[in-house]
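**Q** Dropping in start14.pdb, which is PDB, C-alpha atoms and all ligand atoms:
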```
ATOM      1  CA  MET G   1       8.004  19.692   0.071
ATOM      2  CA  ASP G   2       6.033  22.434  -1.634
ATOM      3  CA  ALA G   3       3.682  22.603  -4.600
ATOM      4  CA  GLU G   4       6.448  23.488  -7.053
ATOM      5  CA  ALA G   5       8.807  20.689  -5.924
ATOM      6  CA  LEU G   6       5.932  18.236  -6.221
ATOM      7  CA  ARG G   7       4.963  19.449  -9.697
ATOM      8  CA  ALA G   8       8.595  19.123 -10.844
ATOM      9  CA  ALA G   9       8.862  15.609  -9.372
ATOM     10  CA  PHE G  10       5.648  14.563 -11.168
ATOM     11  CA  GLU G  11       7.046  15.834 -14.448
ATOM     12  CA  ALA G  12      10.377  14.042 -13.857
ATOM     13  CA  ALA G  13       8.487  10.818 -13.141
ATOM     14  CA  GLY G  14       6.656  11.138 -16.468
ATOM     15  CA  LEU G  15       3.232  11.738 -14.895
ATOM     16  CA  SER G  16       0.787  13.809 -16.919
ATOM     17  CA  THR G  17      -1.546  14.792 -14.054
ATOM     18  CA  GLU G  18      -1.058  17.940 -11.953
ATOM     19  CA  PRO G  19      -0.750  17.000  -8.276
ATOM     20  CA  VAL G  20      -2.959  18.780  -5.750
ATOM     21  CA  TRP G  21      -0.829  19.929  -2.809
ATOM     22  CA  LEU G  22      -2.447  21.031   0.447
ATOM     23  CA  PRO G  23      -0.692  22.167   3.612
ATOM     24  CA  GLU G  24      -3.288  20.610   5.941
ATOM     25  CA  VAL G  25      -6.380  18.420   5.499
ATOM     26  CA  GLY G  26      -8.499  16.084   7.593
ATOM     27  CA  SER G  27      -7.687  13.139   5.313
ATOM     28  CA  THR G  28      -6.368  13.181   1.742
ATOM     29  CA  GLN G  29      -8.809  10.287   1.171
ATOM     30  CA  ASP G  30     -11.777  12.657   1.605
ATOM     31  CA  VAL G  31     -10.380  15.276  -0.767
ATOM     32  CA  ALA G  32      -9.518  12.666  -3.412
ATOM     33  CA  THR G  33     -12.937  10.981  -3.027
ATOM     34  CA  ALA G  34     -14.688  14.315  -3.616
ATOM     35  CA  LEU G  35     -12.547  14.856  -6.725
ATOM     36  CA  ALA G  36     -13.266  11.303  -7.951
ATOM     37  CA  ARG G  37     -17.028  11.824  -7.547
ATOM     38  CA  ASP G  38     -16.586  15.026  -9.560
ATOM     39  CA  GLY G  39     -14.982  13.084 -12.424
ATOM     40  CA  ALA G  40     -11.236  13.411 -11.652
ATOM     41  CA  VAL G  41      -9.116  11.375 -14.062
ATOM     42  CA  HIS G  42      -7.099   8.216 -13.273
ATOM     43  CA  GLY G  43      -3.901   9.241 -11.524
ATOM     44  CA  THR G  44      -5.202  12.458  -9.917
ATOM     45  CA  THR G  45      -3.171  12.761  -6.728
ATOM     46  CA  VAL G  46      -3.773  14.728  -3.530
ATOM     47  CA  VAL G  47      -0.799  15.281  -1.247
ATOM     48  CA  ALA G  48      -0.894  16.852   2.206
ATOM     49  CA  GLU G  49       1.803  18.159   4.473
ATOM     50  CA  ARG G  50      -0.341  17.372   7.535
ATOM     51  CA  GLN G  51      -3.468  15.300   8.139
ATOM     52  CA  THR G  52      -5.585  15.907  11.219
ATOM     53  CA  GLY G  53      -7.829  12.866  10.632
ATOM     54  CA  GLY G  54      -5.682  10.386   8.739
ATOM     55  CA  ARG G  55      -7.174   6.917   8.664
ATOM     56  CA  GLY G  56      -5.717   3.456   8.255
ATOM     57  CA  ARG G  57      -7.061  -0.003   7.495
ATOM     58  CA  ARG G  58      -9.706  -1.614   9.670
ATOM     59  CA  GLY G  59     -10.898   1.638  11.265
ATOM     60  CA  ARG G  60      -7.539   2.612  12.703
ATOM     61  CA  THR G  61      -6.136   6.144  12.749
ATOM     62  CA  TRP G  62      -3.013   6.992  10.775
ATOM     63  CA  VAL G  63      -0.685   9.450  12.434
ATOM     64  CA  ASN G  64       1.378  11.888  10.383
ATOM     65  CA  THR G  65       4.383  13.210  12.213
ATOM     66  CA  PRO G  66       7.214  15.314  10.743
ATOM     67  CA  GLY G  67       9.151  13.345   8.136
ATOM     68  CA  THR G  68       6.142  11.345   6.933
ATOM     69  CA  VAL G  69       4.224  11.832   3.660
ATOM     70  CA  ALA G  70       0.543  11.269   2.937
ATOM     71  CA  PHE G  71      -1.080  11.033  -0.453
ATOM     72  CA  SER G  72      -4.193   9.641  -2.139
ATOM     73  CA  VAL G  73      -4.545   8.696  -5.800
ATOM     74  CA  VAL G  74      -7.773   8.435  -7.774
ATOM     75  CA  LEU G  75      -7.734   5.191  -9.749
ATOM     76  CA  ARG G  76     -10.154   4.099 -12.429
ATOM     77  CA  PRO G  77      -9.125   0.497 -13.059
ATOM     78  CA  THR G  78     -11.125  -1.502 -15.584
ATOM     79  CA  LEU G  79     -11.752  -4.377 -13.205
ATOM     80  CA  PRO G  80     -14.687  -6.450 -12.106
ATOM     81  CA  ALA G  81     -15.362  -5.919  -8.399
ATOM     82  CA  ARG G  82     -14.265  -9.502  -7.605
ATOM     83  CA  HIS G  83     -10.672  -8.513  -8.479
ATOM     84  CA  LEU G  84     -10.677  -5.377  -6.312
ATOM     85  CA  GLY G  85      -8.492  -7.088  -3.711
ATOM     86  CA  LEU G  86      -5.611  -7.008  -6.184
ATOM     87  CA  VAL G  87      -5.528  -3.185  -6.371
ATOM     88  CA  PRO G  88      -3.883  -2.621  -2.965
ATOM     89  CA  LEU G  89      -1.534  -5.539  -3.678
ATOM     90  CA  ALA G  90      -0.424  -3.871  -6.933
ATOM     91  CA  ALA G  91       0.030  -0.649  -4.960
ATOM     92  CA  ALA G  92       2.261  -2.396  -2.432
ATOM     93  CA  VAL G  93       4.370  -3.854  -5.254
ATOM     94  CA  GLY G  94       4.685  -0.400  -6.834
ATOM     95  CA  MET G  95       5.620   1.303  -3.564
ATOM     96  CA  ARG G  96       8.187  -1.414  -2.804
ATOM     97  CA  GLU G  97       9.750  -0.877  -6.207
ATOM     98  CA  ALA G  98       9.845   2.905  -5.617
ATOM     99  CA  LEU G  99      11.195   2.732  -2.047
ATOM    100  CA  GLY G 100      13.590  -0.193  -2.251
ATOM    101  CA  GLU G 101      13.402  -3.938  -2.695
ATOM    102  CA  VAL G 102      15.005  -4.460   0.698
ATOM    103  CA  LEU G 103      11.485  -3.860   2.046
ATOM    104  CA  HIS G 104       9.118  -6.773   2.610
ATOM    105  CA  ILE G 105       5.376  -6.811   2.001
ATOM    106  CA  LYS G 106       3.149  -7.938   4.847
ATOM    107  CA  TRP G 107      -0.255  -9.070   3.546
ATOM    108  CA  PRO G 108      -2.069  -7.304   2.184
ATOM    109  CA  ASN G 109      -0.030  -4.159   1.712
ATOM    110  CA  ASP G 110       2.184  -3.003   4.579
ATOM    111  CA  LEU G 111       5.820  -2.327   3.755
ATOM    112  CA  LEU G 112       8.248  -3.463   6.424
ATOM    113  CA  LEU G 113      11.922  -3.070   7.150
ATOM    114  CA  PRO G 114      13.754  -6.422   7.333
ATOM    115  CA  ASP G 115      13.324  -6.300  11.160
ATOM    116  CA  GLY G 116       9.531  -6.248  10.758
ATOM    117  CA  ARG G 117       8.826  -2.615  11.633
ATOM    118  CA  LYS G 118       6.444  -0.772   9.301
ATOM    119  CA  VAL G 119       7.529   2.096   7.039
ATOM    120  CA  ALA G 120       4.460   2.432   4.804
ATOM    121  CA  GLY G 121       0.783   1.513   4.673
ATOM    122  CA  VAL G 122      -1.871   1.504   1.968
ATOM    123  CA  LEU G 123      -5.622   2.052   2.272
ATOM    124  CA  ALA G 124      -7.974   1.381  -0.662
ATOM    125  CA  GLU G 125     -11.512   2.796  -0.612
ATOM    126  CA  ALA G 126     -13.644   1.844  -3.619
ATOM    127  CA  GLU G 127     -16.998   2.719  -5.073
ATOM    128  CA  VAL G 128     -18.564  -0.151  -6.991
ATOM    129  CA  THR G 129     -21.653  -0.027  -9.231
ATOM    130  CA  ALA G 130     -23.325  -3.074 -10.761
ATOM    131  CA  GLY G 131     -20.330  -5.319 -10.091
ATOM    132  CA  GLN G 132     -17.838  -2.944 -11.754
ATOM    133  CA  VAL G 133     -15.300  -0.769  -9.978
ATOM    134  CA  GLY G 134     -16.206   2.920 -10.516
ATOM    135  CA  HIS G 135     -13.170   4.374  -8.804
ATOM    136  CA  VAL G 136     -10.718   3.467  -6.086
ATOM    137  CA  VAL G 137      -9.123   6.091  -3.866
ATOM    138  CA  LEU G 138      -5.813   4.636  -2.863
ATOM    139  CA  GLY G 139      -4.129   6.279   0.116
ATOM    140  CA  VAL G 140      -0.490   5.805   0.965
ATOM    141  CA  GLY G 141       1.380   6.914   4.063
ATOM    142  CA  VAL G 142       5.176   6.638   4.142
ATOM    143  CA  ASN G 143       7.558   7.293   7.015
ATOM    144  CA  VAL G 144      10.393   8.850   5.041
ATOM    145  CA  SER G 145      12.758  10.667   7.389
ATOM    146  CA  GLY G 146      10.707  10.316  10.575
ATOM    147  CA  ALA G 147       8.077   8.006  12.062
ATOM    148  CA  PRO G 148       5.459   8.094  14.818
ATOM    149  CA  ASP G 149       6.852   7.129  18.193
ATOM    150  CA  LEU G 150       5.492   3.569  18.187
ATOM    151  CA  PRO G 151       7.481   0.331  18.627
ATOM    152  CA  VAL G 152       6.075  -1.080  15.375
ATOM    153  CA  ALA G 153       6.922   1.997  13.258
ATOM    154  CA  ALA G 154      10.161   2.897  11.513
ATOM    155  CA  SER G 155      11.326   5.283   8.805
ATOM    156  CA  LEU G 156      13.235   4.782   5.564
ATOM    157  CA  ALA G 157      16.060   6.794   7.168
ATOM    158  CA  GLU G 158      16.702   3.757   9.402
ATOM    159  CA  LEU G 159      17.923   1.833   6.367
ATOM    160  CA  GLY G 160      21.122   3.791   6.936
ATOM    161  CA  LYS G 161      21.120   5.636   3.631
ATOM    162  CA  ARG G 162      20.073   9.205   2.989
ATOM    163  CA  PRO G 163      16.262   8.954   2.782
ATOM    164  CA  PRO G 164      14.702   9.974  -0.534
ATOM    165  CA  ASP G 165      13.134  13.369  -0.988
ATOM    166  CA  ALA G 166       9.414  13.410  -0.041
ATOM    167  CA  ALA G 167       8.264  14.810  -3.416
ATOM    168  CA  TRP G 168      10.272  12.073  -5.155
ATOM    169  CA  VAL G 169       8.645   9.411  -2.958
ATOM    170  CA  VAL G 170       5.165  10.592  -3.936
ATOM    171  CA  ALA G 171       5.871  11.014  -7.668
ATOM    172  CA  HIS G 172       7.790   7.769  -8.144
ATOM    173  CA  GLY G 173       5.366   5.918  -5.886
ATOM    174  CA  VAL G 174       2.403   7.074  -7.986
ATOM    175  CA  ALA G 175       4.235   6.249 -11.248
ATOM    176  CA  ARG G 176       5.073   2.707 -10.106
ATOM    177  CA  ILE G 177       1.554   2.141  -8.710
ATOM    178  CA  LEU G 178       0.028   3.158 -12.065
ATOM    179  CA  HIS G 179       2.506   0.878 -13.849
ATOM    180  CA  TRP G 180       1.649  -2.154 -11.719
ATOM    181  CA  LEU G 181      -2.093  -1.544 -12.016
ATOM    182  CA  GLY G 182      -1.694  -1.989 -15.759
ATOM    183  CA  GLN G 183      -0.013  -5.387 -15.468
ATOM    184  CA  PRO G 184      -1.787  -8.734 -15.867
ATOM    185  CA  LEU G 185      -3.099 -10.007 -12.535
ATOM    186  CA  HIS G 186      -0.860 -13.097 -12.471
ATOM    187  CA  VAL G 187       2.217 -10.854 -12.954
ATOM    188  CA  VAL G 188       1.114  -8.686 -10.005
ATOM    189  CA  ARG G 189       0.631 -11.797  -7.855
ATOM    190  CA  GLU G 190       4.125 -13.081  -8.738
ATOM    191  CA  ALA G 191       5.754  -9.721  -7.974
ATOM    192  CA  TRP G 192       3.877  -9.514  -4.676
ATOM    193  CA  GLU G 193       5.063 -12.993  -3.680
ATOM    194  CA  ASP G 194       8.658 -12.057  -4.643
ATOM    195  CA  GLY G 195       8.522  -9.359  -1.961
ATOM    196  CA  ALA G 196       6.350 -11.191   0.570
ATOM    197  CA  ALA G 197       7.419 -11.108   4.222
ATOM    198  CA  HIS G 198       5.991 -14.370   5.501
ATOM    199  CA  LEU G 199       6.039 -17.053   2.792
ATOM    200  CA  GLY G 200       6.676 -20.462   4.359
ATOM    201  CA  GLN G 201       6.367 -19.059   7.889
ATOM    202  CA  THR G 202       3.718 -19.811  10.489
ATOM    203  CA  ILE G 203       1.336 -16.913  10.884
ATOM    204  CA  GLU G 204      -1.914 -16.110  12.626
ATOM    205  CA  VAL G 205      -4.592 -14.147  10.741
ATOM    206  CA  ALA G 206      -8.366 -13.860  11.124
ATOM    207  CA  GLY G 207      -8.372 -16.449  13.916
ATOM    208  CA  ARG G 208      -6.520 -19.074  11.868
ATOM    209  CA  THR G 209      -2.963 -20.275  12.318
ATOM    210  CA  GLY G 210      -1.011 -21.923   9.541
ATOM    211  CA  MET G 211       1.831 -21.767   7.095
ATOM    212  CA  CYS G 212       1.667 -18.833   4.686
ATOM    213  CA  LEU G 213       1.471 -20.264   1.150
ATOM    214  CA  GLY G 214       1.057 -17.049  -0.863
ATOM    215  CA  LEU G 215      -1.789 -15.398  -2.710
ATOM    216  CA  ALA G 216      -5.042 -16.845  -3.946
ATOM    217  CA  GLU G 217      -6.293 -15.726  -7.358
ATOM    218  CA  ASP G 218      -8.470 -12.985  -5.868
ATOM    219  CA  GLY G 219      -5.684 -11.598  -3.668
ATOM    220  CA  GLY G 220      -6.679 -13.464  -0.504
ATOM    221  CA  LEU G 221      -3.948 -15.119   1.557
ATOM    222  CA  ARG G 222      -3.558 -18.911   1.382
ATOM    223  CA  LEU G 223      -2.740 -20.798   4.566
ATOM    224  CA  ARG G 224      -1.881 -24.465   5.187
ATOM    225  CA  LEU G 225      -3.643 -25.275   8.460
ATOM    226  CA  ASP G 226      -2.362 -27.761  11.044
ATOM    227  CA  ASP G 227      -4.785 -30.449   9.845
ATOM    228  CA  GLY G 228      -3.233 -30.225   6.362
ATOM    229  CA  THR G 229      -6.160 -28.432   4.727
ATOM    230  CA  GLU G 230      -5.791 -25.165   2.884
ATOM    231  CA  ASP G 231      -7.756 -22.016   3.715
ATOM    232  CA  VAL G 232      -7.920 -18.527   2.207
ATOM    233  CA  VAL G 233      -8.436 -15.389   4.304
ATOM    234  CA  HIS G 234      -9.614 -12.048   2.933
ATOM    235  CA  THR G 235      -9.431  -9.818   5.974
ATOM    236  CA  GLY G 236      -7.404  -9.442   9.145
ATOM    237  CA  ASP G 237      -3.953  -8.547  10.402
ATOM    238  CA  VAL G 238      -1.099 -10.999   9.978
ATOM    239  CA  GLN G 239       0.933 -11.851  13.077
ATOM    240  CA  LEU G 240       4.096 -13.894  12.807
ATOM    241  CA  VAL G 241       3.945 -16.989  15.036
ATOM    242  CA  SER G 242       7.159 -18.689  14.006
ATOM    243  CA  THR G 243       9.748 -18.476  11.253
ATOM    244  CA  HIS G 244       9.655 -22.295  11.098
ATOM    245  CA  PRO G 245       6.750 -24.103   9.463
ATOM    246  CA  GLY G 246       4.850 -26.051  12.114
ATOM    247  CA  GLY G 247       5.291 -23.338  14.734
ATOM    248  CA  SER G 248       8.362 -24.617  16.590
TER     249      SER G 248
HETATM  250  C1  LIG G 301      -2.682   1.308   7.018
HETATM  251  O1  LIG G 301      -1.534   0.869   7.065
HETATM  252  O2  LIG G 301      -3.522   1.025   7.877
HETATM  253  C2  LIG G 301      -3.046   2.220   5.890
HETATM  254  C3  LIG G 301      -2.540   3.610   6.125
HETATM  255  C4  LIG G 301      -2.926   4.576   5.023
HETATM  256  C5  LIG G 301      -2.581   5.994   5.391
HETATM  257  C6  LIG G 301      -2.762   6.925   4.236
HETATM  258  S1  LIG G 301      -2.009   8.497   4.512
HETATM  259  C7  LIG G 301      -2.768   9.107   3.067
HETATM  260  C8  LIG G 301      -4.179   8.571   3.050
HETATM  261  N1  LIG G 301      -5.045   9.417   3.847
HETATM  262  C9  LIG G 301      -5.543   8.776   4.896
HETATM  263  O3  LIG G 301      -6.339   9.256   5.729
HETATM  264  N2  LIG G 301      -5.060   7.516   4.939
HETATM  265  C10 LIG G 301      -4.195   7.237   3.816
END
```
Output the file's structure in the form of structure tokens.
Ligand code: BTN

**A**
Amino acid sequence: MDAEALRAAFEAAGLSTEPVWLPEVGSTQDVATALARDGAVHGTTVVAERQTGGRGRRGRTWVNTPGTVAFSVVLRPTLPARHLGLVPLAAAVGMREALGEVLHIKWPNDLLLPDGRKVAGVLAEAEVTAGQVGHVVLGVGVNVSGAPDLPVAASLAELGKRPPDAAWVVAHGVARILHWLGQPLHVVREAWEDGAAHLGQTIEVAGRTGMCLGLAEDGGLRLRLDDGTEDVVHTGDVQLVSTHPGGS
């Protein structure tokens, strides 16, 4: 990918913003956050060939190896802060639509191959003032034609088809994310559940084990616990316990 290919892909995807392309950064999140604080408009996108300090959810690092793409989008959603949890869910729905509906969404926003290995992740970092979302910097990492050498990671190339072009992935990903952010929240929740990896399965998350029931109104994950009660979790990493409800 280069700046010109990216610009052309943005135009083809119908995006009106000029992408910022950088050969190497610490994290695209930091560059996009600085632009957002400087007044960058909704949809401003920063794309890097390499990140030396890429970060993931829950304080983890995000590794960019050849064949992966990294980008961050400045979003200015008109949302009360209590609905912020739906932004990364809308992003996951948009990225799934861009990359292929064969992918499954692991709560809240990982995209998985059908065998459970991860091809893309989303990180949302927001600034909130007086209960209203000022901006969200939404970072997306996609393993397009290559992936880090980790057992849990895979690339789109492993779907067996020619992987899409990296500039296309960024431009169409951003276009679909912006589309889904403009949809009513209940429509986003339905689309997320259509692509969900673990509905009806027994999972463990945030120290609780139960059957995955889908999304709560605020984007939390609903679980049916063993004692029959329902609980909602808002943080944590989902682990599959069993594909059969009840854990057997
Ligand atoms: C996760 O799955 O934990 C989220 C990964 C998010 C990675 C992307 S790559 C572009 C942007 N810049 C970063 O430093 N992180 C996000």

**Q** Please determine, counting all atoms listed in the file, which residue among G:Glu97, G:Val74, G:Lys118, G:Arg189 has the shortest atom-to-atom distance to Glu217 in chain G.

**A**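 Nearest candidate to Glu217 in chain G out of G:Glu97, G:Val74, G:Lys118, G:Arg189: G:Arg189.
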
**Q** Using only C-alpha atoms and all ligand atoms, which of the listed residues (G:Pro164, G:Gly94, G:Gly26, G:Pro77) sits closest to ligand LIG 301 (chain G)?

**A**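 Checking each of G:Pro164, G:Gly94, G:Gly26, G:Pro77 against ligand LIG 301 (chain G), counting only C-alpha atoms and all ligand atoms, the winner is G:Gly26.
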
**Q** May I ask which of the residues G:Pro23, G:Gly214, G:Gly228, G:Pro88 is the closest one to ligand LIG 301 (chain G), counting all atoms listed in the file?

**A**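 Closest to ligand LIG 301 (chain G) of all the choices is G:Pro88.
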
**Q** If we count all atoms listed in the file and set the cut-off at 9 Å, which residues sit around Glu18 in chain G, ignoring sequence neighbours fewer than 6 positions away in its own chain? Please answer as a VMD selection string.

**A** chain G and resid 7 10 to 11 44 to 45

**Q** Could you save the residues just selected, with C-alpha atoms, as an mmCIF file, in the frame of the given file?

**A**
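File out15.cif, as written:
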```cif
data_model
loop_
_atom_site.group_PDB
_atom_site.id
_atom_site.type_symbol
_atom_site.label_atom_id
_atom_site.label_comp_id
_atom_site.auth_asym_id
_atom_site.auth_seq_id
_atom_site.Cartn_x
_atom_site.Cartn_y
_atom_site.Cartn_z
ATOM 1 C CA ARG G 7 4.963 19.449 -9.697
ATOM 2 C CA PHE G 10 5.648 14.563 -11.168
ATOM 3 C CA GLU G 11 7.046 15.834 -14.448
ATOM 4 C CA THR G 44 -5.202 12.458 -9.917
ATOM 5 C CA THR G 45 -3.171 12.761 -6.728
#
```

**Q** I'd like to see the residues matched by the PyMOL selection byres (((chain G and resi 36) around 12) and not hetatm) on this file, and ideally I'd get them as a ChimeraX atom specification.

**A** /G:29-35,37-46,72-76,125-127,134-138

**Q** For a test of reading the model, state the distance in Å between CA of Gly220 in chain G and CA of Leu84 in chain G, rounded to one decimal.

**A** 10.7 Å

**Q** Pick the closest to ligand LIG 301 (chain G) from G:Pro108, G:Pro151, G:Gly54, G:Pro66: which is it, counting all atoms listed in the file?

**A**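 Under the stated criterion, the closest residue is G:Gly54.
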
**Q** Name the residues that the PyMOL selection byres (((not hetatm)) within 9 of (chain G and resi 301)) picks from the file above, as a ChimeraX atom specification, using the file's chain letters and numbers.

**A** /G:26-30,46-48,51-64,68-73,109-111,118,120-124,137-142

**Q** With all atoms listed in the file as the counted atoms, please give the residues lying no more than 8 Å from His83 in chain G, apart from itself and same-chain residues fewer than 4 positions off, as a ChimeraX atom specification.

**A** /G:79,87,218-219

**Q** Could you work out how far CA of Pro19 in chain G lies from CA of Ala3 in chain G, giving the answer in Å with one decimal?

**A** 8.0 Å

**Q** Using the chain letters and numbers from the file, give me the residues hit by the PyMOL selection byres (((chain G and resi 191-202) around 7) and not hetatm), as JSON, numbers by chain.

**A** {"G": [89, 93, 104, 105, 106, 187, 188, 189, 190, 203, 209, 210, 211, 212, 213, 214, 240, 241, 242, 243, 244, 245, 246, 247]}

**Q** From the list G:Leu159, G:Ala166, G:Leu215, G:Ala171, which residue is nearest His186 in chain G when using only C-alpha atoms?

**A**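 Residue with the minimum atom-to-atom distance to His186 in chain G: G:Leu215.
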
**Q** Around all the atoms of range 211-216 of chain G listed in the file, with 4 Å of room on each side, what axis-aligned box do you get, giving centre and edge lengths in Å to one decimal, as AutoDock Vina command-line options?

**A**
```
--center_x -1.6 --center_y -18.6 --center_z 1.6 --size_x 14.9 --size_y 14.4 --size_z 19.0
```

**Q** Please compute the CA of Val102 in chain G-CA of Thr65 in chain G distance, one decimal, in Å.

**A** 23.6 Å

**Q** List the spatial neighbours of Glu158 in chain G as a ChimeraX atom specification - criterion: any atom at most 12 Å away, all atoms listed in the file, same-chain residues fewer than 4 positions off excluded.

**A** /G:103,112-115,117-119,143-147,153-154,162-164
